[in-house]
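Below is start.txt, holding compact mmCIF, C-alpha atoms.
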```txt
# COMPACT_ATOMS: atom_id res chain seq x y z
CA MET M 1 5.87 -22.95 1.88
CA PRO M 2 8.86 -21.34 3.68
CA ARG M 3 8.02 -19.63 6.97
CA ASP M 4 9.00 -16.21 8.26
CA SER M 5 12.38 -16.71 9.89
CA THR M 6 12.61 -13.19 11.33
CA THR M 7 9.48 -12.93 13.45
CA ASP M 8 11.42 -11.51 16.40
CA ASP M 9 12.07 -8.15 14.75
CA TRP M 10 8.47 -6.90 14.60
CA THR M 11 5.45 -6.66 16.86
CA SER M 12 1.72 -6.63 16.13
CA HIS M 13 -0.64 -3.97 17.51
CA TYR M 14 -4.09 -2.44 17.17
CA VAL M 15 -5.40 1.11 17.45
CA ALA M 16 -9.03 2.30 17.45
CA ALA M 17 -9.64 5.20 15.07
CA ASN M 18 -12.46 6.45 12.85
CA GLY M 19 -14.89 3.91 14.27
CA ILE M 20 -12.92 0.71 13.62
CA ARG M 21 -9.91 -1.18 14.95
CA HIS M 22 -6.78 -0.87 12.81
CA HIS M 23 -3.97 -3.41 12.82
CA TYR M 24 -0.33 -2.53 12.28
CA LEU M 25 3.15 -4.03 12.43
CA GLU M 26 5.91 -2.14 14.20
CA TRP M 27 9.70 -2.17 13.95
CA GLY M 28 12.49 -0.09 15.46
CA ASP M 29 13.19 1.97 18.54
CA PRO M 30 10.03 3.80 19.72
CA SER M 31 12.17 6.89 20.30
CA ASN M 32 13.14 7.06 16.61
CA PRO M 33 11.29 9.42 14.21
CA PRO M 34 7.97 7.89 13.07
CA LEU M 35 7.52 6.42 9.60
CA LEU M 36 4.13 5.17 8.38
CA MET M 37 3.76 2.61 5.56
CA LEU M 38 0.55 1.90 3.63
CA HIS M 39 -0.06 -0.93 1.18
CA ALA M 40 -1.96 -1.17 -2.10
CA THR M 41 -5.50 -2.42 -2.59
CA GLY M 42 -5.78 -6.19 -2.15
CA LEU M 43 -2.51 -6.53 -0.21
CA CYS M 44 -1.60 -6.03 3.46
CA ALA M 45 1.23 -4.71 5.62
CA TRP M 46 3.32 -7.90 5.52
CA PRO M 47 4.94 -7.51 2.06
CA TRP M 48 6.52 -4.28 3.33
CA LYS M 49 8.74 -6.29 5.69
CA PRO M 50 11.96 -6.33 3.60
CA VAL M 51 11.87 -2.54 3.23
CA ALA M 52 10.59 -1.88 6.77
CA ARG M 53 13.40 -3.85 8.41
CA ARG M 54 16.03 -1.69 6.74
CA LEU M 55 14.24 1.56 7.52
CA ALA M 56 13.83 0.49 11.15
CA GLU M 57 17.55 1.14 11.63
CA HIS M 58 16.67 4.85 11.73
CA TYR M 59 12.90 5.04 12.21
CA ARG M 60 10.03 3.75 14.27
CA VAL M 61 8.26 2.02 11.40
CA LEU M 62 4.50 1.44 11.55
CA ALA M 63 2.98 -0.53 8.64
CA PHE M 64 -0.83 -0.47 8.66
CA ASP M 65 -3.47 -2.78 7.22
CA GLN M 66 -6.13 -0.65 5.54
CA ARG M 67 -9.80 -1.19 6.36
CA GLY M 68 -11.08 -4.51 5.05
CA HIS M 69 -7.50 -5.73 4.55
CA GLY M 70 -5.21 -7.85 6.70
CA ASP M 71 -6.29 -7.85 10.35
CA THR M 72 -7.95 -4.42 10.32
CA ASP M 73 -11.71 -4.47 10.79
CA LYS M 74 -14.06 -4.64 7.86
CA SER M 75 -15.97 -1.48 7.03
CA ASP M 76 -19.58 -1.15 8.14
CA LYS M 77 -20.21 1.68 5.65
CA GLY M 78 -18.71 0.31 2.46
CA TYR M 79 -15.34 1.07 0.91
CA LYS M 80 -14.12 4.34 -0.55
CA PHE M 81 -10.65 5.82 -0.93
CA GLU M 82 -11.87 8.81 1.06
CA TYR M 83 -12.43 6.51 4.04
CA ALA M 84 -8.85 5.23 3.76
CA GLY M 85 -7.59 8.81 3.95
CA GLU M 86 -9.88 9.59 6.88
CA ASP M 87 -8.60 6.46 8.60
CA LEU M 88 -4.98 7.52 8.27
CA ALA M 89 -5.72 11.02 9.57
CA ALA M 90 -7.67 9.55 12.51
CA ILE M 91 -4.84 7.10 13.30
CA VAL M 92 -2.26 9.87 13.35
CA GLU M 93 -4.40 11.89 15.75
CA ALA M 94 -5.35 8.90 17.92
CA MET M 95 -1.71 7.87 18.31
CA ASP M 96 -0.55 11.50 18.59
CA ILE M 97 2.09 10.96 15.90
CA ASP M 98 4.07 14.12 15.27
CA SER M 99 5.51 14.88 11.80
CA PRO M 100 5.60 11.31 10.48
CA ARG M 101 7.22 10.43 7.21
CA VAL M 102 4.91 8.36 5.03
CA ILE M 103 5.31 5.75 2.29
CA GLY M 104 2.22 4.73 0.33
CA HIS M 105 2.01 2.17 -2.46
CA SER M 106 -0.79 2.75 -5.00
CA SER M 107 -4.01 3.33 -3.01
CA GLY M 108 -1.87 3.70 0.10
CA GLY M 109 -0.48 6.82 -1.55
CA LEU M 110 -3.99 8.10 -2.20
CA ALA M 111 -4.73 7.66 1.50
CA ALA M 112 -1.64 9.73 2.31
CA ILE M 113 -2.72 12.51 -0.07
CA ILE M 114 -6.22 12.68 1.42
CA ALA M 115 -4.97 12.50 5.02
CA SER M 116 -2.43 15.26 4.38
CA LYS M 117 -5.22 17.49 3.14
CA LEU M 118 -7.24 16.71 6.28
CA LEU M 119 -4.22 17.38 8.52
CA PRO M 120 -2.39 20.21 6.71
CA GLY M 121 1.23 20.52 7.69
CA ARG M 122 1.17 17.39 9.87
CA PHE M 123 3.27 15.12 7.61
CA ASP M 124 6.97 15.29 6.95
CA ARG M 125 8.29 13.92 3.63
CA VAL M 126 6.07 11.49 1.71
CA VAL M 127 6.88 8.84 -0.90
CA LEU M 128 4.17 7.71 -3.33
CA VAL M 129 5.00 4.46 -5.10
CA GLU M 130 2.97 3.85 -8.27
CA THR M 131 0.09 6.01 -7.03
CA ARG M 132 -2.18 7.17 -9.86
CA VAL M 133 -2.31 10.93 -9.35
CA SER M 134 -5.05 11.80 -11.82
CA ASN M 135 -8.24 10.44 -13.33
CA ASP M 136 -6.98 10.69 -16.89
CA ALA M 137 -3.85 8.56 -16.55
CA PRO M 138 -3.52 5.99 -19.33
CA SER M 139 -2.60 3.26 -16.86
CA ALA M 140 -6.15 2.58 -15.68
CA PRO M 141 -8.93 3.88 -17.94
CA SER M 142 -12.47 3.27 -16.73
CA GLN M 143 -13.04 0.18 -18.84
CA ASP M 144 -9.87 -1.45 -17.48
CA LEU M 145 -10.90 -0.74 -13.91
CA ALA M 146 -14.34 -2.23 -14.57
CA ARG M 147 -12.79 -5.38 -16.04
CA ARG M 148 -10.36 -5.59 -13.13
CA ALA M 149 -13.27 -5.41 -10.68
CA GLU M 150 -15.11 -8.15 -12.57
CA ARG M 151 -12.05 -10.41 -12.58
CA THR M 152 -11.41 -9.72 -8.91
CA ARG M 153 -14.93 -10.80 -7.93
CA MET M 154 -14.16 -14.15 -9.54
CA LYS M 155 -11.05 -14.72 -7.41
CA ARG M 156 -10.93 -17.81 -5.27
CA ALA M 157 -11.26 -16.72 -1.62
CA VAL M 158 -10.50 -20.07 0.08
CA TRP M 159 -7.66 -22.48 -0.73
CA GLU M 160 -6.89 -26.00 0.48
CA SER M 161 -3.80 -24.64 2.21
CA ARG M 162 -1.31 -21.77 2.06
CA GLU M 163 1.09 -24.11 0.29
CA VAL M 164 -1.43 -24.78 -2.50
CA MET M 165 -2.13 -21.05 -2.85
CA PHE M 166 1.61 -20.30 -2.80
CA ASP M 167 2.23 -22.60 -5.76
CA ALA M 168 -0.88 -21.49 -7.67
CA TYR M 169 -0.20 -17.74 -7.38
CA ARG M 170 3.54 -17.87 -7.98
CA THR M 171 3.32 -18.01 -11.79
CA ARG M 172 0.46 -15.54 -12.17
CA ALA M 173 1.27 -12.36 -14.06
CA ALA M 174 0.79 -10.10 -11.04
CA PHE M 175 3.19 -12.12 -8.84
CA LYS M 176 5.67 -13.82 -11.13
CA ASP M 177 8.32 -11.10 -10.80
CA TRP M 178 8.01 -10.53 -7.04
CA GLU M 179 11.08 -11.29 -4.96
CA ASP M 180 10.68 -14.39 -2.81
CA GLU M 181 10.38 -12.73 0.60
CA PRO M 182 7.61 -10.19 -0.13
CA TYR M 183 5.74 -12.90 -2.02
CA ARG M 184 5.96 -15.30 0.91
CA GLN M 185 4.91 -12.52 3.27
CA PHE M 186 1.86 -11.78 1.14
CA ILE M 187 0.70 -15.39 1.26
CA GLU M 188 1.27 -15.71 5.01
CA GLY M 189 0.04 -12.28 6.11
CA GLY M 190 -2.75 -11.99 3.57
CA THR M 191 -4.53 -15.19 4.58
CA ARG M 192 -6.06 -16.59 7.75
CA LEU M 193 -6.06 -20.29 8.54
CA LEU M 194 -9.49 -21.81 9.03
CA PRO M 195 -10.09 -24.57 11.63
CA ASP M 196 -9.83 -27.26 8.94
CA GLY M 197 -6.45 -25.96 7.75
CA ARG M 198 -7.71 -24.18 4.66
CA ALA M 199 -6.46 -20.65 3.92
CA GLU M 200 -8.88 -17.75 3.38
CA LEU M 201 -7.97 -14.38 1.87
CA LYS M 202 -8.20 -11.69 4.54
CA CYS M 203 -9.11 -9.09 1.92
CA LEU M 204 -12.20 -10.62 0.38
CA PRO M 205 -12.56 -10.38 -3.42
CA GLU M 206 -15.67 -8.22 -3.10
CA THR M 207 -13.80 -5.72 -0.91
CA GLU M 208 -10.95 -5.43 -3.40
CA ALA M 209 -13.35 -5.16 -6.33
CA THR M 210 -15.34 -2.42 -4.60
CA PHE M 211 -12.21 -0.27 -4.28
CA TYR M 212 -11.45 -0.68 -7.99
CA GLY M 213 -15.03 0.27 -8.83
CA MET M 214 -14.77 3.43 -6.73
CA ARG M 215 -11.52 4.72 -8.25
CA ASP M 216 -13.09 6.84 -10.98
CA ASP M 217 -15.34 8.52 -8.40
CA LEU M 218 -12.28 9.89 -6.60
CA GLN M 219 -11.38 13.33 -7.95
CA VAL M 220 -7.72 13.37 -6.93
CA GLU M 221 -7.06 16.91 -8.12
CA GLN M 222 -9.22 18.44 -5.38
CA TYR M 223 -6.72 17.08 -2.83
CA LEU M 224 -3.61 18.13 -4.74
CA ASN M 225 -4.27 21.84 -4.95
CA GLU M 226 -1.87 23.56 -2.50
CA LEU M 227 -0.99 20.20 -0.95
CA PRO M 228 1.65 20.98 1.68
CA GLY M 229 4.94 19.17 2.18
CA ASP M 230 7.53 17.39 0.06
CA TRP M 231 6.34 14.54 -2.14
CA LEU M 232 8.24 11.98 -4.21
CA LEU M 233 6.30 10.00 -6.83
CA LEU M 234 8.09 6.82 -7.96
CA LEU M 235 7.01 5.39 -11.31
CA ALA M 236 7.53 1.92 -12.75
CA ASP M 237 7.91 1.13 -16.45
CA TYR M 238 5.31 -1.08 -18.13
CA PRO M 239 2.74 -0.70 -20.92
CA GLY M 240 0.20 1.89 -19.78
CA SER M 241 2.24 3.10 -16.80
CA GLN M 242 2.29 6.78 -15.83
CA ARG M 243 4.94 8.82 -17.63
CA LEU M 244 6.61 12.16 -17.05
CA ASP M 245 4.79 13.66 -20.01
CA ASP M 246 1.33 12.42 -18.98
CA PRO M 247 -1.02 15.40 -18.45
CA GLY M 248 -2.01 14.05 -15.04
CA VAL M 249 1.58 13.71 -13.87
CA GLN M 250 2.41 17.19 -15.16
CA ARG M 251 -0.64 18.57 -13.37
CA PHE M 252 0.51 16.86 -10.16
CA SER M 253 3.89 18.57 -10.49
CA GLU M 254 2.20 21.94 -11.06
CA LEU M 255 -0.23 21.68 -8.16
CA VAL M 256 2.12 20.18 -5.58
CA SER M 257 4.96 22.66 -5.32
CA GLY M 258 7.10 20.37 -3.18
CA SER M 259 6.89 17.40 -5.54
CA VAL M 260 9.44 15.39 -7.52
CA VAL M 261 8.56 12.63 -9.99
CA LYS M 262 11.15 9.91 -10.47
CA PRO M 263 10.78 7.10 -13.04
CA LEU M 264 12.74 4.02 -11.97
CA GLY M 265 12.73 2.61 -15.49
CA LYS M 266 11.72 -0.89 -14.43
CA GLY M 267 9.02 -2.96 -12.82
CA SER M 268 5.25 -3.24 -12.85
CA HIS M 269 2.60 -1.68 -10.63
CA PHE M 270 3.99 -3.97 -7.90
CA LEU M 271 7.34 -2.21 -7.98
CA PRO M 272 8.06 -2.43 -4.19
CA MET M 273 7.74 -6.20 -4.24
CA GLU M 274 9.72 -6.72 -7.46
CA TYR M 275 12.56 -4.28 -6.75
CA PRO M 276 12.49 -3.56 -2.99
CA ASN M 277 16.14 -2.48 -2.93
CA ASP M 278 15.65 0.08 -5.70
CA VAL M 279 12.57 1.46 -3.96
CA LEU M 280 14.42 1.49 -0.63
CA ASN M 281 17.36 3.41 -2.10
CA ALA M 282 15.04 6.00 -3.64
CA ILE M 283 13.27 6.40 -0.30
CA ILE M 284 16.54 6.84 1.60
CA ASP M 285 17.75 9.42 -0.91
CA TRP M 286 14.48 11.36 -0.63
CA PHE M 287 14.46 11.31 3.15
CA GLY M 288 18.05 12.52 3.13
CA ASP M 289 19.16 10.56 6.20
```

Before we go any further, please render this structure as structure tokens.
Amino acid sequence: MPRDSTTDDWTSHYVAANGIRHHYLEWGDPSNPPLLMLHATGLCAWPWKPVARRLAEHYRVLAFDQRGHGDTDKSDKGYKFEYAGEDLAAIVEAMDIDSPRVIGHSSGGLAAIIASKLLPGRFDRVVLVETRVSNDAPSAPSQDLARRAERTRMKRAVWESREVMFDAYRTRAAFKDWEDEPYRQFIEGGTRLLPDGRAELKCLPETEATFYGMRDDLQVEQYLNELPGDWLLLLADYPGSQRLDDPGVQRFSELVSGSVVKPLGKGSHFLPMEYPNDVLNAIIDWFGD
């Protein structure tokens, strides 16, 4: 499996917040405006690298591993999306980050929504990438989430090596359209090497499945009402994806006065890994820099 050839452009750090130790990757000049990046359930900060490197030309980019993912501590009280939002709010306060811009993919976007409600007026512009903004979206009805949780619990947690996992995952439906670099970063950053050389998923299948099982318990609308700030929601295009005319998307637009919804007309739920340049360009346009 190819290795990361650009390890000199980022650094690894930890911050204690909300009772656990959170891991993050950092790029850019510390004097630049802060930009926080949050990944989707089951992933980690590493696949953000292609986008983060470009944004680091103008920002201090901090890409966090959510609890139970990557090198952030596991949760001692279970896993809920509300905890992810509380974590982000606690991190911002612990690091005294003023007016950060935020990019959240899927559940990372939910964390941004919840944290913004906990810290009203604290965030600058926010980009949500493929974040499900209602409980009635056709993209993930309850039965699909339940099946996804069941399938996730059956995932293989330990592989003979990263190379074996790399080859096995590459043709799977969820990964087959990813660009090479974010895919490689997921394999390398999302696994830890055991003493015998085997590779273990850092986000255990049970952790990922628990998040899926909790999704229907999260009433997103309670966080959207009078949500402050400017929000861009980027949508992919696949069977069951969120659409402009979905009631939940329309409700999001009504409740969040500073919101814009932009369909990109391509990609799956893993849009940032399949079309990082398109996502990057939309982010740059929204930030207006």

Exercise. Leaving out Gln66 (chain M) and any residue of its chain fewer than 6 positions from it, which residues lie within 8 Å of it when counting all atoms listed in the file, given as a VMD selection string?
Worked result: chain M and resid 22 38 to 39 44 72 84

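As for CA of Tyr212 (chain M) and CA of Tyr79 (chain M), they are spaced 9.9 Å apart.
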
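Of the residues listed (M:Asp285, M:Glu226, M:Glu57, M:Glu274), M:Glu57 shows the shortest atom-to-atom separation from Asp29 (chain M); distances use all atoms listed in the file.
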
Problem set entry | Which of M:Pro228, M:Gly78, M:Gly190, M:Pro263 sits closest to Glu206 (chain M) [using only C-alpha atoms] | M:Gly78

Problem set entry | Gap from CA of Phe211 (chain M) to CA of Ile283 (chain M) - Å, one decimal | 26.6 Å

Problem set entry | Within-12 Å shell of (-2.3, -11.2, -13.0) in input frame, all atoms listed in the file, as a VMD selection string | chain M and resid 148 151 to 152 155 168 to 178 268 to 270

Just write the chosen residues, C-alpha atoms, as an mmCIF file, in the coordinates of the input.
```cif
data_model
loop_
_atom_site.group_PDB
_atom_site.id
_atom_site.type_symbol
_atom_site.label_atom_id
_atom_site.label_comp_id
_atom_site.auth_asym_id
_atom_site.auth_seq_id
_atom_site.Cartn_x
_atom_site.Cartn_y
_atom_site.Cartn_z
ATOM 1 C CA ARG M 148 -10.360 -5.590 -13.130
ATOM 2 C CA ARG M 151 -12.050 -10.410 -12.580
ATOM 3 C CA THR M 152 -11.410 -9.720 -8.910
ATOM 4 C CA LYS M 155 -11.050 -14.720 -7.410
ATOM 5 C CA ALA M 168 -0.880 -21.490 -7.670
ATOM 6 C CA TYR M 169 -0.200 -17.740 -7.380
ATOM 7 C CA ARG M 170 3.540 -17.870 -7.980
ATOM 8 C CA THR M 171 3.320 -18.010 -11.790
ATOM 9 C CA ARG M 172 0.460 -15.540 -12.170
ATOM 10 C CA ALA M 173 1.270 -12.360 -14.060
ATOM 11 C CA ALA M 174 0.790 -10.100 -11.040
ATOM 12 C CA PHE M 175 3.190 -12.120 -8.840
ATOM 13 C CA LYS M 176 5.670 -13.820 -11.130
ATOM 14 C CA ASP M 177 8.320 -11.100 -10.800
ATOM 15 C CA TRP M 178 8.010 -10.530 -7.040
ATOM 16 C CA SER M 268 5.250 -3.240 -12.850
ATOM 17 C CA HIS M 269 2.600 -1.680 -10.630
ATOM 18 C CA PHE M 270 3.990 -3.970 -7.900
#
```

For this session: Identify, on the basis of all atoms listed in the file, every residue whose closest approach to Leu118 (chain M) does not exceed 10 Å; exclude the query and any residue fewer than 6 positions from it along the same chain; express the result as a VMD selection string.
Result: chain M and resid 85 to 86 88 to 90 112 223

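Nearest to Ala282 (chain M) of all the residues M:Leu235, M:Pro120, M:Asp76, M:Leu204 is M:Leu235, based on all atoms listed in the file.
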
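Shortest separation to Leu233 (chain M) among M:Leu35, M:Leu128, M:Ala149, M:Ala16 occurs at residue M:Leu128, atoms counted being all atoms listed in the file.
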
Problem set entry | M:Arg101, M:Arg67, M:Arg132, M:Arg53 ranked by distance to Ile20 (chain M), top pick (using only C-alpha atoms) | M:Arg67

For this session: For Glu179 (chain M), work out the shell of residues within 9 Å, counting only C-alpha atoms and skipping chain neighbours fewer than 4 positions away, then give it as an MDAnalysis selection string.
Result: chainID M and resid 175 183:184 273:276

Problem set entry | Within 12 Å of Gly28 (chain M) using only C-alpha atoms, minus same-chain residues under 2 positions, as an MDAnalysis selection string | chainID M and resid 8:11 25:26 30:35 52:63

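With all atoms listed in the file as the atoms that count, the minimum distance from Glu150 (chain M) to the choices M:Thr207, M:Val102, M:Glu254, M:Glu82 is reached by M:Thr207.
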
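Atom pair CA of Asp196 (chain M) / CA of Phe166 (chain M): separated by 17.8 Å.
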
Exercise. List as a PyMOL selection string: which residues have an atom within 7 Å of (-1.9, -2.5, 19.0), counting all atoms listed in the file?
Worked result: chain M and resi 12-15+23-24

Problem set entry | Close residues, Trp231 (chain M) itself excluded, 12 Å, only C-alpha atoms, min 4 positions apart in chain, as a PyMOL selection string | chain M and resi 101-104+109+112-113+116+123-129+131+133+224+227+252-253+255-262+283+286-287
